[in-house]
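query-v9.tsv follows; it contains TSV, C-alpha atoms.
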```tsv
chain	number	residue	atom	x	y	z
E	1	MET	CA	80.05	183.40	126.48
E	2	LYS	CA	83.28	182.23	128.09
E	3	TYR	CA	84.82	183.53	131.31
E	4	ARG	CA	88.34	184.02	132.62
E	5	ARG	CA	89.84	185.03	135.95
E	6	LEU	CA	91.19	188.55	136.17
E	7	GLY	CA	94.71	188.04	137.48
E	8	GLN	CA	94.92	187.46	141.22
E	9	THR	CA	91.47	188.94	141.85
E	10	ASP	CA	88.36	186.92	142.62
E	11	LEU	CA	86.65	188.41	139.57
E	12	LYS	CA	85.32	186.08	136.89
E	13	VAL	CA	85.04	188.24	133.77
E	14	SER	CA	83.32	187.54	130.47
E	15	VAL	CA	85.94	187.31	127.73
E	16	VAL	CA	84.11	190.12	125.94
E	17	GLY	CA	83.20	193.08	128.11
E	18	ILE	CA	81.54	196.40	127.28
E	19	GLY	CA	83.61	199.53	126.78
E	20	THR	CA	81.66	202.76	127.22
E	21	TRP	CA	83.70	205.79	126.17
E	22	GLN	CA	81.11	206.29	123.43
E	23	TYR	CA	78.42	207.08	126.02
E	24	GLY	CA	80.33	210.27	126.84
E	25	GLY	CA	79.45	211.71	123.42
E	26	GLU	CA	82.90	211.87	121.80
E	27	TRP	CA	82.36	209.21	119.13
E	28	GLY	CA	79.92	211.02	116.88
E	29	LYS	CA	76.73	210.04	118.70
E	30	SER	CA	74.80	211.04	121.80
E	31	PHE	CA	73.06	208.25	123.72
E	32	THR	CA	69.74	208.26	125.52
E	33	ALA	CA	69.16	206.40	128.76
E	34	LYS	CA	66.79	204.07	126.92
E	35	GLU	CA	69.45	203.16	124.32
E	36	VAL	CA	72.05	202.37	126.98
E	37	GLU	CA	69.56	200.33	128.97
E	38	GLY	CA	68.68	198.34	125.86
E	39	ILE	CA	72.32	197.56	125.07
E	40	LEU	CA	73.17	196.53	128.63
E	41	ASP	CA	70.01	194.47	129.11
E	42	ARG	CA	70.82	192.55	125.93
E	43	GLY	CA	74.39	192.18	127.13
E	44	LEU	CA	73.20	190.42	130.27
E	45	GLU	CA	71.11	188.05	128.18
E	46	LEU	CA	74.19	187.16	126.11
E	47	GLY	CA	76.40	186.54	129.15
E	48	PHE	CA	78.36	189.80	129.35
E	49	ASN	CA	79.18	190.73	132.95
E	50	LEU	CA	81.87	193.43	132.70
E	51	ILE	CA	81.32	197.13	132.01
E	52	ASP	CA	84.33	199.45	131.76
E	53	THR	CA	83.83	203.20	132.02
E	54	ALA	CA	85.66	206.29	133.33
E	55	GLU	CA	85.15	209.50	135.21
E	56	CYS	CA	85.96	211.60	132.12
E	57	TYR	CA	83.72	209.95	129.53
E	58	GLY	CA	81.69	213.11	129.65
E	59	ASP	CA	81.51	214.69	133.11
E	60	HIS	CA	80.58	211.35	134.70
E	61	LEU	CA	78.00	211.13	131.89
E	62	SER	CA	78.85	207.57	130.84
E	63	GLU	CA	78.79	206.48	134.47
E	64	SER	CA	75.40	208.13	134.99
E	65	LEU	CA	73.85	206.40	131.99
E	66	ILE	CA	75.24	203.07	133.17
E	67	GLY	CA	74.12	203.63	136.74
E	68	GLU	CA	70.55	204.28	135.65
E	69	ALA	CA	70.57	201.23	133.36
E	70	VAL	CA	71.93	198.70	135.87
E	71	ARG	CA	70.40	199.90	139.14
E	72	GLY	CA	68.01	196.96	139.10
E	73	SER	CA	70.69	194.42	138.14
E	74	ARG	CA	73.79	195.74	139.94
E	75	SER	CA	74.72	192.40	141.48
E	76	LYS	CA	74.94	190.80	138.03
E	77	TRP	CA	77.56	193.25	136.76
E	78	LEU	CA	81.23	193.89	137.41
E	79	LEU	CA	81.67	197.66	137.16
E	80	ALA	CA	85.11	199.01	136.35
E	81	THR	CA	85.81	202.72	136.27
E	82	LYS	CA	88.85	205.00	136.40
E	83	PHE	CA	90.28	208.08	138.07
E	84	GLY	CA	92.73	210.89	137.37
E	85	HIS	CA	91.03	213.07	134.76
E	86	LYS	CA	88.25	215.63	134.84
E	87	PHE	CA	86.20	216.25	131.70
E	88	CYS	CA	86.39	219.91	130.59
E	89	SER	CA	85.08	219.80	127.01
E	90	HIS	CA	85.32	217.64	123.89
E	91	LEU	CA	88.68	215.79	124.16
E	92	GLN	CA	89.89	218.26	126.80
E	93	ARG	CA	90.79	217.00	130.27
E	94	GLU	CA	92.24	218.32	133.53
E	95	GLN	CA	94.46	215.86	135.39
E	96	ILE	CA	93.84	215.27	139.10
E	97	TRP	CA	96.18	212.97	140.98
E	98	ASP	CA	96.26	214.25	144.58
E	99	ALA	CA	94.66	211.96	147.15
E	100	ALA	CA	91.90	214.41	148.13
E	101	GLY	CA	90.96	215.08	144.51
E	102	VAL	CA	90.81	211.39	143.62
E	103	ARG	CA	88.79	210.65	146.76
E	104	GLU	CA	86.26	213.22	145.55
E	105	GLN	CA	86.26	211.62	142.10
E	106	LEU	CA	85.53	208.23	143.65
E	107	GLU	CA	82.53	209.59	145.54
E	108	GLU	CA	81.21	211.25	142.38
E	109	SER	CA	81.67	208.00	140.42
E	110	LEU	CA	79.80	206.01	143.07
E	111	LYS	CA	76.98	208.53	142.99
E	112	ALA	CA	76.79	208.49	139.19
E	113	LEU	CA	76.88	204.69	139.05
E	114	GLN	CA	74.23	204.50	141.79
E	115	THR	CA	76.25	201.95	143.73
E	116	ASP	CA	78.07	201.61	147.05
E	117	TYR	CA	81.18	200.06	145.50
E	118	VAL	CA	83.08	199.56	142.26
E	119	ASP	CA	84.58	196.20	141.39
E	120	LEU	CA	87.69	197.61	139.72
E	121	TYR	CA	89.01	201.17	140.21
E	122	GLN	CA	91.80	202.03	137.77
E	123	PHE	CA	94.58	204.62	137.63
E	124	HIS	CA	93.81	206.25	134.27
E	125	SER	CA	96.64	206.87	131.80
E	126	GLY	CA	98.84	208.94	134.10
E	127	THR	CA	102.56	209.63	134.07
E	128	ASP	CA	105.19	207.64	135.96
E	129	GLU	CA	105.47	210.57	138.35
E	130	ALA	CA	101.71	210.48	138.98
E	131	ILE	CA	101.69	206.77	139.81
E	132	ASP	CA	104.57	207.20	142.28
E	133	ASN	CA	102.37	208.84	144.92
E	134	ASP	CA	102.30	207.05	148.27
E	135	ALA	CA	99.57	209.32	149.66
E	136	LEU	CA	97.30	208.47	146.74
E	137	TRP	CA	97.64	204.72	147.10
E	138	THR	CA	97.38	204.86	150.88
E	139	MET	CA	94.04	206.64	150.46
E	140	LEU	CA	92.89	204.09	147.87
E	141	ASP	CA	93.86	201.17	150.10
E	142	LYS	CA	91.69	202.68	152.82
E	143	GLN	CA	88.77	202.81	150.39
E	144	VAL	CA	89.33	199.11	149.66
E	145	GLU	CA	89.23	198.42	153.41
E	146	ALA	CA	86.04	200.48	153.65
E	147	GLY	CA	84.40	198.35	150.94
E	148	LYS	CA	84.00	201.11	148.37
E	149	ILE	CA	86.53	199.46	146.03
E	150	ARG	CA	86.89	195.70	145.55
E	151	HIS	CA	90.07	195.77	143.48
E	152	LEU	CA	92.53	198.34	142.14
E	153	GLY	CA	94.01	198.40	138.66
E	154	VAL	CA	96.17	200.48	136.33
E	155	SER	CA	95.15	201.57	132.83
E	156	ILE	CA	98.43	202.43	131.12
E	157	GLY	CA	98.56	205.14	128.48
E	158	SER	CA	101.63	203.78	126.69
E	159	ASN	CA	101.51	200.24	125.34
E	160	GLU	CA	105.19	199.83	126.20
E	161	ASN	CA	105.17	201.12	129.79
E	162	VAL	CA	106.56	198.12	131.65
E	163	TYR	CA	107.51	200.40	134.55
E	164	GLN	CA	103.87	201.02	135.43
E	165	VAL	CA	103.13	197.30	135.22
E	166	GLU	CA	105.92	196.65	137.71
E	167	GLN	CA	104.61	199.43	139.95
E	168	ALA	CA	101.10	198.03	139.71
E	169	ALA	CA	102.39	194.69	140.97
E	170	LYS	CA	104.23	196.32	143.88
E	171	LEU	CA	101.12	198.27	144.81
E	172	GLY	CA	99.07	195.09	144.99
E	173	THR	CA	96.71	195.93	142.14
E	174	GLY	CA	95.02	193.14	140.23
E	175	ALA	CA	94.79	194.23	136.60
E	176	ILE	CA	96.34	196.19	133.76
E	177	GLN	CA	94.35	197.82	130.99
E	178	VAL	CA	96.17	198.45	127.70
E	179	VAL	CA	95.48	199.10	124.02
E	180	TYR	CA	95.95	195.87	122.09
E	181	ASN	CA	94.72	194.84	118.67
E	182	ARG	CA	95.91	193.35	115.39
E	183	LEU	CA	97.09	196.80	114.26
E	184	ASP	CA	98.89	197.58	117.52
E	185	ARG	CA	100.87	194.70	118.97
E	186	LYS	CA	103.30	196.71	121.14
E	187	PRO	CA	102.21	195.07	124.44
E	188	GLU	CA	103.66	191.80	123.19
E	189	GLN	CA	107.13	193.33	123.43
E	190	GLY	CA	107.24	193.53	127.24
E	191	VAL	CA	103.98	194.53	128.92
E	192	PHE	CA	102.33	191.13	128.54
E	193	GLN	CA	105.39	189.29	129.82
E	194	ALA	CA	105.45	191.48	132.92
E	195	CYS	CA	101.72	190.93	133.47
E	196	ALA	CA	102.17	187.17	133.21
E	197	GLU	CA	105.11	187.19	135.64
E	198	HIS	CA	103.04	189.03	138.26
E	199	ASP	CA	99.73	187.29	137.44
E	200	LEU	CA	98.04	190.56	136.59
E	201	GLY	CA	94.80	190.35	134.64
E	202	VAL	CA	94.72	192.16	131.30
E	203	LEU	CA	91.83	194.18	129.90
E	204	ALA	CA	92.56	194.73	126.20
E	205	ARG	CA	90.95	197.98	125.16
E	206	VAL	CA	90.37	199.19	121.59
E	207	PRO	CA	90.44	195.60	120.22
E	208	LEU	CA	88.80	196.83	117.01
E	209	ALA	CA	91.37	199.63	116.59
E	210	SER	CA	88.73	202.37	116.94
E	211	GLY	CA	86.51	200.53	114.48
E	212	PHE	CA	89.17	200.22	111.78
E	213	LEU	CA	89.14	196.42	112.23
E	214	SER	CA	85.36	196.21	112.07
E	215	GLY	CA	85.34	195.95	108.29
E	216	ASN	CA	83.00	198.95	108.09
E	217	TYR	CA	85.46	201.61	106.95
E	218	LYS	CA	87.61	202.09	103.87
E	219	PRO	CA	90.55	204.48	103.27
E	220	GLY	CA	89.18	208.00	102.93
E	221	ALA	CA	86.34	207.43	105.41
E	222	VAL	CA	85.13	210.74	106.85
E	223	PHE	CA	84.26	211.17	110.53
E	224	GLY	CA	82.12	213.94	112.01
E	225	HIS	CA	83.65	216.82	113.93
E	226	ASP	CA	82.31	215.38	117.20
E	227	ASP	CA	83.99	212.01	116.57
E	228	VAL	CA	87.39	211.49	118.23
E	229	ARG	CA	88.69	209.89	115.04
E	230	ALA	CA	88.30	213.20	113.17
E	231	SER	CA	91.12	214.67	115.29
E	232	ARG	CA	93.65	212.09	114.12
E	233	ASP	CA	96.18	212.51	111.34
E	234	ARG	CA	94.47	211.80	108.01
E	235	GLU	CA	97.41	210.01	106.43
E	236	ALA	CA	97.93	207.83	109.49
E	237	VAL	CA	94.24	206.88	109.56
E	238	ASP	CA	94.23	205.93	105.88
E	239	ALA	CA	97.42	203.89	106.37
E	240	LEU	CA	95.73	201.92	109.15
E	241	LEU	CA	92.63	201.40	107.04
E	242	ARG	CA	94.74	200.09	104.16
E	243	GLN	CA	96.50	197.72	106.55
E	244	ALA	CA	93.15	196.57	107.92
E	245	ALA	CA	91.92	195.88	104.40
E	246	GLN	CA	94.98	193.74	103.73
E	247	ILE	CA	94.44	191.83	106.98
E	248	ARG	CA	90.85	191.17	106.02
E	249	GLU	CA	91.96	189.76	102.67
E	250	THR	CA	94.86	187.65	103.92
E	251	GLU	CA	94.06	186.63	107.52
E	252	VAL	CA	90.31	186.64	108.16
E	253	PRO	CA	88.76	183.31	107.14
E	254	PRO	CA	86.17	183.56	104.36
E	255	GLY	CA	82.67	184.09	105.70
E	256	THR	CA	83.91	185.22	109.13
E	257	ASN	CA	82.72	188.52	110.57
E	258	MET	CA	85.85	190.71	110.76
E	259	ALA	CA	84.91	192.34	114.08
E	260	GLN	CA	84.38	188.92	115.66
E	261	TRP	CA	87.70	187.72	114.28
E	262	ALA	CA	89.56	190.82	115.54
E	263	ILE	CA	88.24	190.37	119.07
E	264	ALA	CA	88.98	186.64	119.06
E	265	TRP	CA	92.48	187.37	117.72
E	266	CYS	CA	93.17	189.44	120.86
E	267	LEU	CA	91.72	186.79	123.15
E	268	GLN	CA	94.02	184.07	121.85
E	269	HIS	CA	97.01	185.73	123.54
E	270	PRO	CA	97.65	183.92	126.85
E	271	ALA	CA	98.05	187.20	128.79
E	272	VAL	CA	94.64	188.61	127.84
E	273	SER	CA	91.75	188.08	130.24
E	274	THR	CA	89.07	190.09	128.43
E	275	CYS	CA	88.51	192.54	125.57
E	276	ILE	CA	86.37	195.65	126.02
E	277	PRO	CA	85.13	196.94	122.64
E	278	GLY	CA	82.58	199.73	122.50
E	279	PHE	CA	79.14	199.30	120.93
E	280	LYS	CA	76.88	201.92	119.40
E	281	ASN	CA	73.91	199.58	119.14
E	282	ILE	CA	72.59	196.15	120.06
E	283	GLU	CA	73.53	194.69	116.67
E	284	GLN	CA	77.22	195.47	117.24
E	285	LEU	CA	77.05	193.94	120.71
E	286	GLU	CA	75.44	190.76	119.39
E	287	ALA	CA	78.11	190.43	116.70
E	288	ALA	CA	80.90	190.86	119.25
E	289	ALA	CA	79.38	188.21	121.51
E	290	GLY	CA	79.94	185.73	118.70
E	291	ALA	CA	83.71	186.16	119.05
E	292	ALA	CA	83.63	183.87	122.08
E	293	ASP	CA	82.42	181.03	119.84
E	294	LEU	CA	85.33	181.21	117.39
E	295	GLU	CA	87.99	178.52	117.63
E	296	LEU	CA	90.61	181.11	118.56
E	297	VAL	CA	88.95	181.51	121.99
E	298	THR	CA	89.46	178.40	124.12
E	299	ASP	CA	88.44	177.25	127.58
E	300	ASN	CA	91.92	175.91	128.34
E	301	HIS	CA	93.37	179.43	128.31
E	302	PRO	CA	95.81	180.20	131.20
E	303	ALA	CA	93.32	182.77	132.51
E	304	ALA	CA	90.30	180.47	132.28
E	305	TRP	CA	88.26	180.41	135.45
E	306	LYS	CA	89.12	177.53	137.78
```

Written as structure tokens, that's how I'd like the structure from this file.
Amino acid sequence: MKYRRLGQTDLKVSVVGIGTWQYGGEWGKSFTAKEVEGILDRGLELGFNLIDTAECYGDHLSESLIGEAVRGSRSKWLLATKFGHKFCSHLQREQIWDAAGVREQLEESLKALQTDYVDLYQFHSGTDEAIDNDALWTMLDKQVEAGKIRHLGVSIGSNENVYQVEQAAKLGTGAIQVVYNRLDRKPEQGVFQACAEHDLGVLARVPLASGFLSGNYKPGAVFGHDDVRASRDREAVDALLRQAAQIRETEVPPGTNMAQWAIAWCLQHPAVSTCIPGFKNIEQLEAAAGAADLELVTDNHPAAWK
């Protein structure tokens, strides 16, 4: 595993982290505590040290599974979670942005994660109006002073929202989370430049394009009703799968695991600190760990740990 600094923070993150939306049950599978513990224990063995979750991946369900799994190894992990949404039902959320509501969310996240602090607490895909809330950020700064939050971050919903990157810098946050992958390169058009100018770390989420860059799906693939991908436009999904097939044929070196290549492709961009794919099993996690060994991922990266 390789490691990079996360912007201006003192966090040294593994270049491949662990995304955990799937633990909330919206990706066609329910997870047991034993399964999550097995994945995370193996992750530690392979050098992973970053787990990214959220309050609304289930009603703190993902956080609870993680908290149970890492309670004996908390000091070895960097835990990142988010605020601003309350889980109501499958793919249904209520937005909560007032200071008192977010403070309550923080306490519930700490309880679920079985920890006294989170390493990175992120504004979660809110509007520009929601981020422009002095009372909210004043409250969050107080939680940093109290030691319940080590660093603040912003997870932007739009891959082109430079405004929120600029606001994140003004607010003194340390990191931006954004969708970035070979099928969605929009952050290259402005977001990454703004992150570099302000030395904000970048967590690239969905690096496998919801699995479409894993090499496991072909056009026409059918997803279960409880899988978030089933709610997406059929023609758009097939178009992405056709594009992914072409990329595999023309860009992925022969004999190279496509998922490894797709993660490494993201990590070669000088703005990216870490990628956070999701894993349904230990085999997927082990394959992703191999991305750090590909030539695309170097130690002389601008974000390499010094």

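Using only C-alpha atoms, the shortest contact distance between Ile247 (chain E) and any of E:Ile156, E:Leu285, E:Leu183, E:Ala175 is found at E:Leu183.
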
(message) So that I can check the surroundings of Ala221 (chain E), please list as a ChimeraX atom specification every protein, DNA and RNA residue that reaches within 10 Å of it, counting all atoms listed in the file and ignoring chain neighbours fewer than 6 positions away.
(response) /E:230,234,237-238,241

(message) Would you compute the distance between CA of Lys12 (chain E) and CA of Ser214 (chain E)? Give it in Å to one decimal.
(response)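 Interatomic distance, CA of Lys12 (chain E) to CA of Ser214 (chain E): 26.8 Å.
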
Could you make a table, as CSV, of the residues of region 279-305 of chain E that have an atom within 10 Å of an atom of region 26-50 of chain E, each with its nearest atom pair and distance in Å to one decimal, counting only C-alpha atoms, in chain and number order?
```
residue,atom,partner,partner_atom,distance
E:Phe279,CA,E:Ile39,CA,8.2
E:Lys280,CA,E:Lys29,CA,8.2
E:Asn281,CA,E:Ile39,CA,6.5
E:Ile282,CA,E:Ile39,CA,5.2
E:Glu283,CA,E:Ile39,CA,9.0
E:Gln284,CA,E:Ile39,CA,9.5
E:Leu285,CA,E:Gly43,CA,7.2
E:Glu286,CA,E:Leu46,CA,7.7
E:Ala289,CA,E:Leu46,CA,7.0
E:Gly290,CA,E:Leu46,CA,9.5
```

(request) Excluding Ile131 (chain E) and any residue of its chain fewer than 3 positions from it, enumerate the residues within 10 Å of it, using only C-alpha atoms, and give them as a list in words. (result)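 Final neighbour list, sorted by chain and number: Trp97, Phe123, His124, Ser125, Gly126, Thr127, Asp128, Asp134, Leu136, Trp137, Val154, Gln164, Gln167, Ala168 and Leu171 of chain E.
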